[in-house]
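Engineer: One structure, as structure tokens, below. Some questions next.
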Amino acid sequence: MGDKITDNITYIGVDETDIEVFENQYPLPHGVSYNSYVIIDEKIAVTDTVDTQCTDRWLALLDHALKGRKPDYLIVHHMEPDHSANIERAMSLFKDMKLVASAKAISMLSQFFEKLDFADRCIAVKDGDTLSLGQRTLTFMTAPMIHWPEVMMTYVDVDRLLFSADAFGKFGALSYDDKWDNEARRYYTNIVGKYGPQVQAALKKVAKLDVDIIAPLHGPVLTSNLDHYIGLYDKWSTYTPEEDGTLVAYASIYGGTEAAALQLADALRERGDNVVTFDLCRQDMSEAVAQSFRLSRLAVAAPTYDAGLFPAMHDFLYHLRIKGLKNRKAGIIENGSWAPMSGKIMREMLETLPSMEVVEPMVTIKSRMHSSDVASIDALADSLLS
Ligand code: FEO
């Protein structure tokens, strides 16, 4: 029970595999893990807790890791309920345990735990503050907006280990073995995507440390190839594409718009492009957001609906705005059977994103794509790739 991360640090996190959505919005086909750890030294520290559905399994793992001792500290890196839900339970079980967190986190406690009968056992720490456990010294680093304002990370000197909070986390239970990049990208872009500058600030702090192990709040503990993971975080947080290529995202009512979008995808592929097509009415929106961060270009195709933009595309472009996508080249295909409006709205929404270059021509089809539309779709492909 409880995997050893190092001789003195044990994983006591829990997989939740029957959960359908994270934050009640992001699909979790392979569950998620809530990570918690125990550091055994002259003093004992527990880092974070788990969500309510996993309480009993977490407490059993904690009990086993403690081997009859009592924890001295509960280090709280993040107050979102997937990690904080069992704070009150833990503080009531261990009456001498102190809670260590940022002042902002401590100020949030009463929002989640109205009674807050452990207020006198809370220790607020600032950026750079340290706490000795005996052999080990913990150094706390604030990491605001990754992904809430109260977040902090902790560096453990002896183990050269960074507790990174939500950073470097991913969707997927630990029992599901997949490639880190894909579900970490979907997690990052949707959960933290808006806060690239804050991630850059945190990466600069991390760069000053000797880190051998990254222990996040979700997903696997990272023990090798750290440059790869940090490199991806650097790209995502600077809105730099991972690959040259085009995401063709479309929403279609009766298939006419889809045919035009797929015609554009074919035209791009004929020109040697790396293309991903995405049906916004059928596929997961959070993956569409992730792909928009991954690739360097974006083409959108949608019909006019109620004299406006078809809702699935409106939702996608709204997501791109709130997740902060920028620095992409974009093309537009609109459909309108009698009074096309969707292209104008898509252009306006794209142009609210910083450093987006919307290329010409905007293609207009009426109801269905016709052979006469192929030339303008080819011209849009040429512009996207120029
Ligand atoms: Fe995993 Fe922002 O909580």
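Following the order of the structure tokens, first chain is A, next is B, and so on, with residues numbered from 1 inside each chain and ligands from 1 in the order they appear.
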Could you report the residues within 8 Å of ligand 1, using only C-alpha atoms and all ligand atoms, as a list in words?
Structural biologist: Tyr34, His78, Met79, Glu80, Pro81, Asp82, His83, Ile146, His147, Trp148, Ala165, Asp166, Gly169, Ile191, Leu217 and His218 of chain A
Engineer: List as a PyMOL selection string the protein and nucleic acid residues near Lys205 of chain A, meaning an atom at most 12 Å away when only C-alpha atoms are counted, but skip any in the same chain fewer than 2 places from it.
Structural biologist: chain A and resi 127-128+139-143+152-155+162+164+198-203+207-211
Engineer: Compare A:Arg186, A:Lys43, A:Lys179, A:His30 by their minimum atom-to-atom distance to Asp284 of chain A, counting only C-alpha atoms, and give me the closest one.
Structural biologist: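 Looking at the shortest contact to Asp284 of chain A, the residue is A:Arg186.
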Engineer: Of the candidates A:Val289, A:Leu222, A:Leu264, A:Ala124, which one gets nearest to Ala379 of chain A if we count only C-alpha atoms?
Structural biologist: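 Of the candidates, the smallest distance to Ala379 of chain A is held by A:Leu264.
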Engineer: Rounded to one decimal place, report the atom CA of Phe168 of chain A-atom CA of Ala184 of chain A distance in Å.
Structural biologist: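 A separation of 7.0 Å between them.
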Engineer: Have a look at A:Asn35, A:Ser376, A:Ser107, A:Thr130 and name the one nearest to Ala173 of chain A; count only C-alpha atoms.
Structural biologist: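 Going through A:Asn35, A:Ser376, A:Ser107, A:Thr130 one by one, the smallest distance to Ala173 of chain A is for A:Asn35.
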Engineer: Name all residues at most 9 Å from Phe22 of chain A (count only C-alpha atoms; drop same-chain ones fewer than 4 positions away) and give them as a list in words.
Structural biologist: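 The residues satisfying every condition are Tyr26, Pro27, Leu28, Gly31, Val32 and Phe171 of chain A.
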Engineer: With C-alpha atoms retained, could you export that selection as a short mmCIF file (atom, residue, chain, number, x, y, z; two decimals), in the first residue's frame?
Structural biologist:
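Okay, again_11.cif is ready:
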```cif
data_model
loop_
_atom_site.label_atom_id
_atom_site.label_comp_id
_atom_site.auth_asym_id
_atom_site.auth_seq_id
_atom_site.Cartn_x
_atom_site.Cartn_y
_atom_site.Cartn_z
CA TYR A 26 -14.18 17.84 -18.97
CA PRO A 27 -14.74 14.19 -20.01
CA LEU A 28 -12.62 11.67 -18.14
CA GLY A 31 -10.59 8.66 -14.71
CA VAL A 32 -8.21 10.86 -12.77
CA PHE A 171 -6.16 13.58 -16.74
#
```
Engineer: Measure the distance from atom CA of Ile332 of chain A to atom CA of Glu183 of chain A in Å and round it to one decimal.
Structural biologist: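 These atoms are spaced 28.1 Å apart.
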Engineer: For segment 333-340 of chain A, list every protein, DNA or RNA residue within 7 Å, evaluated using only C-alpha atoms, and leave out those in the same chain fewer than 6 positions away; present the list as number ranges by chain.
Structural biologist: A: 257, 300-304, 362-367
Engineer: Env of Thr189 of chain A: 9 Å cut, atoms = only C-alpha atoms, seq-sep filter 3 positions within chain, self excluded. Answer as a list of chain:residue names.
Structural biologist: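 Everything that qualifies: A:Ala184, A:Arg185, A:Arg186, A:Val192, A:Gly193, A:Lys194, A:Trp236, A:Ser237, A:Ser286, A:Val289, A:Ala290, A:Phe293, A:Lys323.
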Engineer: For those residues, write C-alpha atoms to a file as a short mmCIF file (atom, residue, chain, number, x, y, z; two decimals), in the first residue's frame.
Structural biologist:
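To be explicit, this is the file written out as out-v4.cif:
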```
data_model
loop_
_atom_site.label_atom_id
_atom_site.label_comp_id
_atom_site.auth_asym_id
_atom_site.auth_seq_id
_atom_site.Cartn_x
_atom_site.Cartn_y
_atom_site.Cartn_z
CA ALA A 184 -1.44 16.59 -19.91
CA ARG A 185 -2.01 18.95 -22.84
CA ARG A 186 -5.80 18.64 -22.52
CA VAL A 192 -4.46 26.57 -16.71
CA GLY A 193 -4.33 27.75 -20.36
CA LYS A 194 -5.39 31.32 -19.65
CA TRP A 236 2.02 25.90 -23.90
CA SER A 237 2.50 28.86 -21.58
CA SER A 286 -11.66 20.24 -24.40
CA VAL A 289 -8.98 23.44 -27.32
CA ALA A 290 -5.93 21.23 -26.76
CA PHE A 293 -2.76 24.96 -28.73
CA LYS A 323 -8.26 29.94 -22.54
#
```
Engineer: Please report, as a compact mmCIF listing (two decimals) with N, CA, C and O atoms, in the first residue's frame, each residue of segment 217-381 of chain A to which DSSP assigns strand (DSSP E) when run on this structure's backbone.
Structural biologist:
```txt
# COMPACT_ATOMS: atom_id res chain seq x y z
N GLU A 243 3.62 21.91 -33.08
CA GLU A 243 3.86 21.40 -34.44
C GLU A 243 3.31 22.37 -35.46
O GLU A 243 2.30 23.03 -35.22
N ASP A 244 3.95 22.38 -36.63
CA ASP A 244 3.39 23.08 -37.77
C ASP A 244 2.22 22.24 -38.29
O ASP A 244 2.38 21.03 -38.54
N GLY A 245 1.06 22.83 -38.41
CA GLY A 245 -0.10 22.07 -38.88
C GLY A 245 -1.37 22.88 -38.68
O GLY A 245 -1.36 23.95 -38.07
N THR A 246 -2.47 22.33 -39.22
CA THR A 246 -3.74 23.06 -39.18
C THR A 246 -4.82 22.22 -38.51
O THR A 246 -5.01 21.05 -38.85
N LEU A 247 -5.51 22.85 -37.57
CA LEU A 247 -6.73 22.27 -37.01
C LEU A 247 -7.90 22.80 -37.83
O LEU A 247 -8.11 24.02 -37.89
N VAL A 248 -8.62 21.90 -38.49
CA VAL A 248 -9.84 22.29 -39.21
C VAL A 248 -11.01 21.91 -38.32
O VAL A 248 -11.36 20.73 -38.20
N ALA A 249 -11.59 22.90 -37.67
CA ALA A 249 -12.68 22.66 -36.72
C ALA A 249 -13.99 23.12 -37.36
O ALA A 249 -14.07 24.24 -37.86
N TYR A 250 -14.98 22.24 -37.36
CA TYR A 250 -16.22 22.60 -38.04
C TYR A 250 -17.44 22.20 -37.23
O TYR A 250 -17.39 21.31 -36.38
N VAL A 275 -2.72 17.93 -40.95
CA VAL A 275 -4.07 18.42 -40.68
C VAL A 275 -4.79 17.51 -39.68
O VAL A 275 -4.72 16.29 -39.77
N VAL A 276 -5.49 18.15 -38.75
CA VAL A 276 -6.40 17.44 -37.85
C VAL A 276 -7.79 18.02 -38.08
O VAL A 276 -7.96 19.25 -38.05
N THR A 277 -8.78 17.17 -38.37
CA THR A 277 -10.16 17.65 -38.51
C THR A 277 -10.92 17.37 -37.21
O THR A 277 -10.66 16.38 -36.52
N PHE A 278 -11.85 18.25 -36.91
CA PHE A 278 -12.55 18.15 -35.63
C PHE A 278 -14.01 18.55 -35.78
O PHE A 278 -14.30 19.69 -36.16
N ASP A 279 -14.91 17.62 -35.50
CA ASP A 279 -16.35 17.89 -35.55
C ASP A 279 -16.80 18.40 -34.18
O ASP A 279 -16.91 17.63 -33.22
N LEU A 295 -1.31 22.99 -32.56
CA LEU A 295 -1.01 23.26 -33.97
C LEU A 295 -0.88 24.76 -34.24
O LEU A 295 -1.39 25.59 -33.51
N SER A 296 -0.25 25.07 -35.37
CA SER A 296 0.09 26.48 -35.64
C SER A 296 -1.00 27.24 -36.38
O SER A 296 -0.95 28.46 -36.46
N ARG A 297 -1.93 26.52 -37.00
CA ARG A 297 -2.99 27.20 -37.76
C ARG A 297 -4.36 26.65 -37.37
O ARG A 297 -4.47 25.52 -36.89
N LEU A 298 -5.35 27.45 -37.68
CA LEU A 298 -6.72 27.11 -37.31
C LEU A 298 -7.63 27.49 -38.47
O LEU A 298 -7.54 28.61 -38.98
N ALA A 299 -8.47 26.56 -38.90
CA ALA A 299 -9.52 26.89 -39.88
C ALA A 299 -10.86 26.55 -39.24
O ALA A 299 -11.00 25.48 -38.63
N VAL A 300 -11.79 27.45 -39.34
CA VAL A 300 -13.10 27.24 -38.73
C VAL A 300 -14.18 27.30 -39.81
O VAL A 300 -14.11 28.13 -40.73
N ALA A 301 -15.17 26.42 -39.70
CA ALA A 301 -16.25 26.37 -40.67
C ALA A 301 -17.56 26.15 -39.92
O ALA A 301 -17.66 25.22 -39.12
N ALA A 302 -18.52 27.04 -40.17
CA ALA A 302 -19.80 26.91 -39.44
C ALA A 302 -20.92 27.59 -40.20
O ALA A 302 -20.70 28.57 -40.94
N PRO A 303 -22.13 27.09 -39.99
CA PRO A 303 -23.29 27.72 -40.62
C PRO A 303 -23.83 28.91 -39.82
O PRO A 303 -23.54 29.06 -38.63
N THR A 304 -24.63 29.66 -40.52
CA THR A 304 -25.41 30.72 -39.89
C THR A 304 -26.63 30.08 -39.23
O THR A 304 -27.20 29.12 -39.77
N TYR A 305 -27.02 30.61 -38.08
CA TYR A 305 -28.13 29.99 -37.34
C TYR A 305 -28.85 31.08 -36.56
O TYR A 305 -28.22 31.82 -35.80
N GLY A 308 -27.33 34.32 -36.60
CA GLY A 308 -26.06 34.42 -35.87
C GLY A 308 -25.16 33.26 -36.22
O GLY A 308 -25.20 32.74 -37.33
N LEU A 309 -24.36 32.84 -35.24
CA LEU A 309 -23.39 31.76 -35.45
C LEU A 309 -23.90 30.48 -34.80
O LEU A 309 -24.39 30.51 -33.65
N ARG A 328 -1.87 32.70 -33.82
CA ARG A 328 -2.17 31.66 -34.81
C ARG A 328 -2.63 32.33 -36.11
O ARG A 328 -3.18 33.44 -36.10
N LYS A 329 -2.42 31.63 -37.21
CA LYS A 329 -3.01 32.05 -38.48
C LYS A 329 -4.35 31.33 -38.61
O LYS A 329 -4.45 30.13 -38.27
N ALA A 330 -5.38 32.02 -39.08
CA ALA A 330 -6.72 31.43 -39.10
C ALA A 330 -7.43 31.69 -40.42
O ALA A 330 -7.25 32.74 -41.05
N GLY A 331 -8.24 30.72 -40.83
CA GLY A 331 -9.08 30.86 -42.02
C GLY A 331 -10.52 30.53 -41.69
O GLY A 331 -10.81 29.84 -40.70
N ILE A 332 -11.44 31.05 -42.53
CA ILE A 332 -12.87 30.93 -42.22
C ILE A 332 -13.65 30.42 -43.43
O ILE A 332 -13.45 30.90 -44.56
N ILE A 333 -14.54 29.48 -43.16
CA ILE A 333 -15.56 29.09 -44.14
C ILE A 333 -16.91 29.30 -43.46
O ILE A 333 -17.15 28.78 -42.36
N GLU A 334 -17.78 30.05 -44.13
CA GLU A 334 -19.13 30.25 -43.57
C GLU A 334 -20.16 29.61 -44.49
O GLU A 334 -19.93 29.44 -45.68
N ASN A 335 -21.29 29.27 -43.91
CA ASN A 335 -22.41 28.76 -44.68
C ASN A 335 -23.64 29.57 -44.30
O ASN A 335 -23.85 29.88 -43.13
N MET A 356 -3.82 37.18 -33.77
CA MET A 356 -4.40 36.21 -34.71
C MET A 356 -4.40 36.86 -36.08
O MET A 356 -4.86 38.00 -36.25
N GLU A 357 -3.91 36.15 -37.06
CA GLU A 357 -3.92 36.65 -38.44
C GLU A 357 -5.02 35.91 -39.20
O GLU A 357 -4.87 34.71 -39.48
N VAL A 358 -6.11 36.59 -39.49
CA VAL A 358 -7.20 35.97 -40.25
C VAL A 358 -6.92 36.21 -41.73
O VAL A 358 -6.86 37.35 -42.18
N VAL A 363 -14.32 32.04 -47.21
CA VAL A 363 -15.14 31.29 -48.17
C VAL A 363 -16.59 31.31 -47.71
O VAL A 363 -16.87 31.06 -46.54
N THR A 364 -17.49 31.62 -48.64
CA THR A 364 -18.92 31.57 -48.34
C THR A 364 -19.56 30.49 -49.20
O THR A 364 -19.42 30.52 -50.43
N ILE A 365 -20.22 29.52 -48.56
CA ILE A 365 -21.02 28.58 -49.34
C ILE A 365 -22.49 28.81 -48.99
O ILE A 365 -22.81 29.35 -47.93
```
Engineer: Counting only C-alpha atoms, which of A:Leu116, A:Ile377, A:Ala267, A:Val221 gets nearest to Leu174 of chain A?
Structural biologist: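 Among the listed residues, A:Val221 lies closest to Leu174 of chain A.
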Engineer: May I have the residues within 9 Å of Ser175 of chain A as a list in words, using only C-alpha atoms and disregarding those fewer than 5 positions away in the same chain?
Structural biologist: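 Surrounding residues, per the criterion: Asp15, Thr17, His30 and Ser33 of chain A.
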Engineer: Deliver the residues from the most recent selection as a file, using C-alpha atoms, as a compact mmCIF listing (two decimals), in the first residue's frame.
Structural biologist:
```
# COMPACT_ATOMS: atom_id res chain seq x y z
CA ASP A 15 -7.41 6.85 -8.50
CA THR A 17 -12.03 5.64 -12.24
CA HIS A 30 -9.90 7.03 -18.08
CA SER A 33 -5.88 10.57 -9.80
```
Engineer: Could you tell me which of A:Pro220, A:Gly256, A:Tyr73, A:Met91 comes closest to Tyr176 of chain A if we count only C-alpha atoms?
Structural biologist: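 Between A:Pro220, A:Gly256, A:Tyr73, A:Met91, the residue approaching Tyr176 of chain A most closely is A:Pro220.
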Engineer: To one decimal place, how far is atom CA of Ser386 of chain A from atom CA of Arg271 of chain A in Å?
Structural biologist: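 A separation of 10.8 Å between them.
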Engineer: Segment 344-353 of chain A: which residues within 7 Å, counting only C-alpha atoms, same-chain residues fewer than 6 positions away excluded, as a ChimeraX atom specification?
Structural biologist: /A:309,317,321,325-326
Engineer: From the options A:Asp159, A:Arg69, A:Pro29, A:Ala215, which residue's atoms come nearest to Tyr11 of chain A, counting only C-alpha atoms?
Structural biologist: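 Smallest distance to Tyr11 of chain A is found for A:Ala215.
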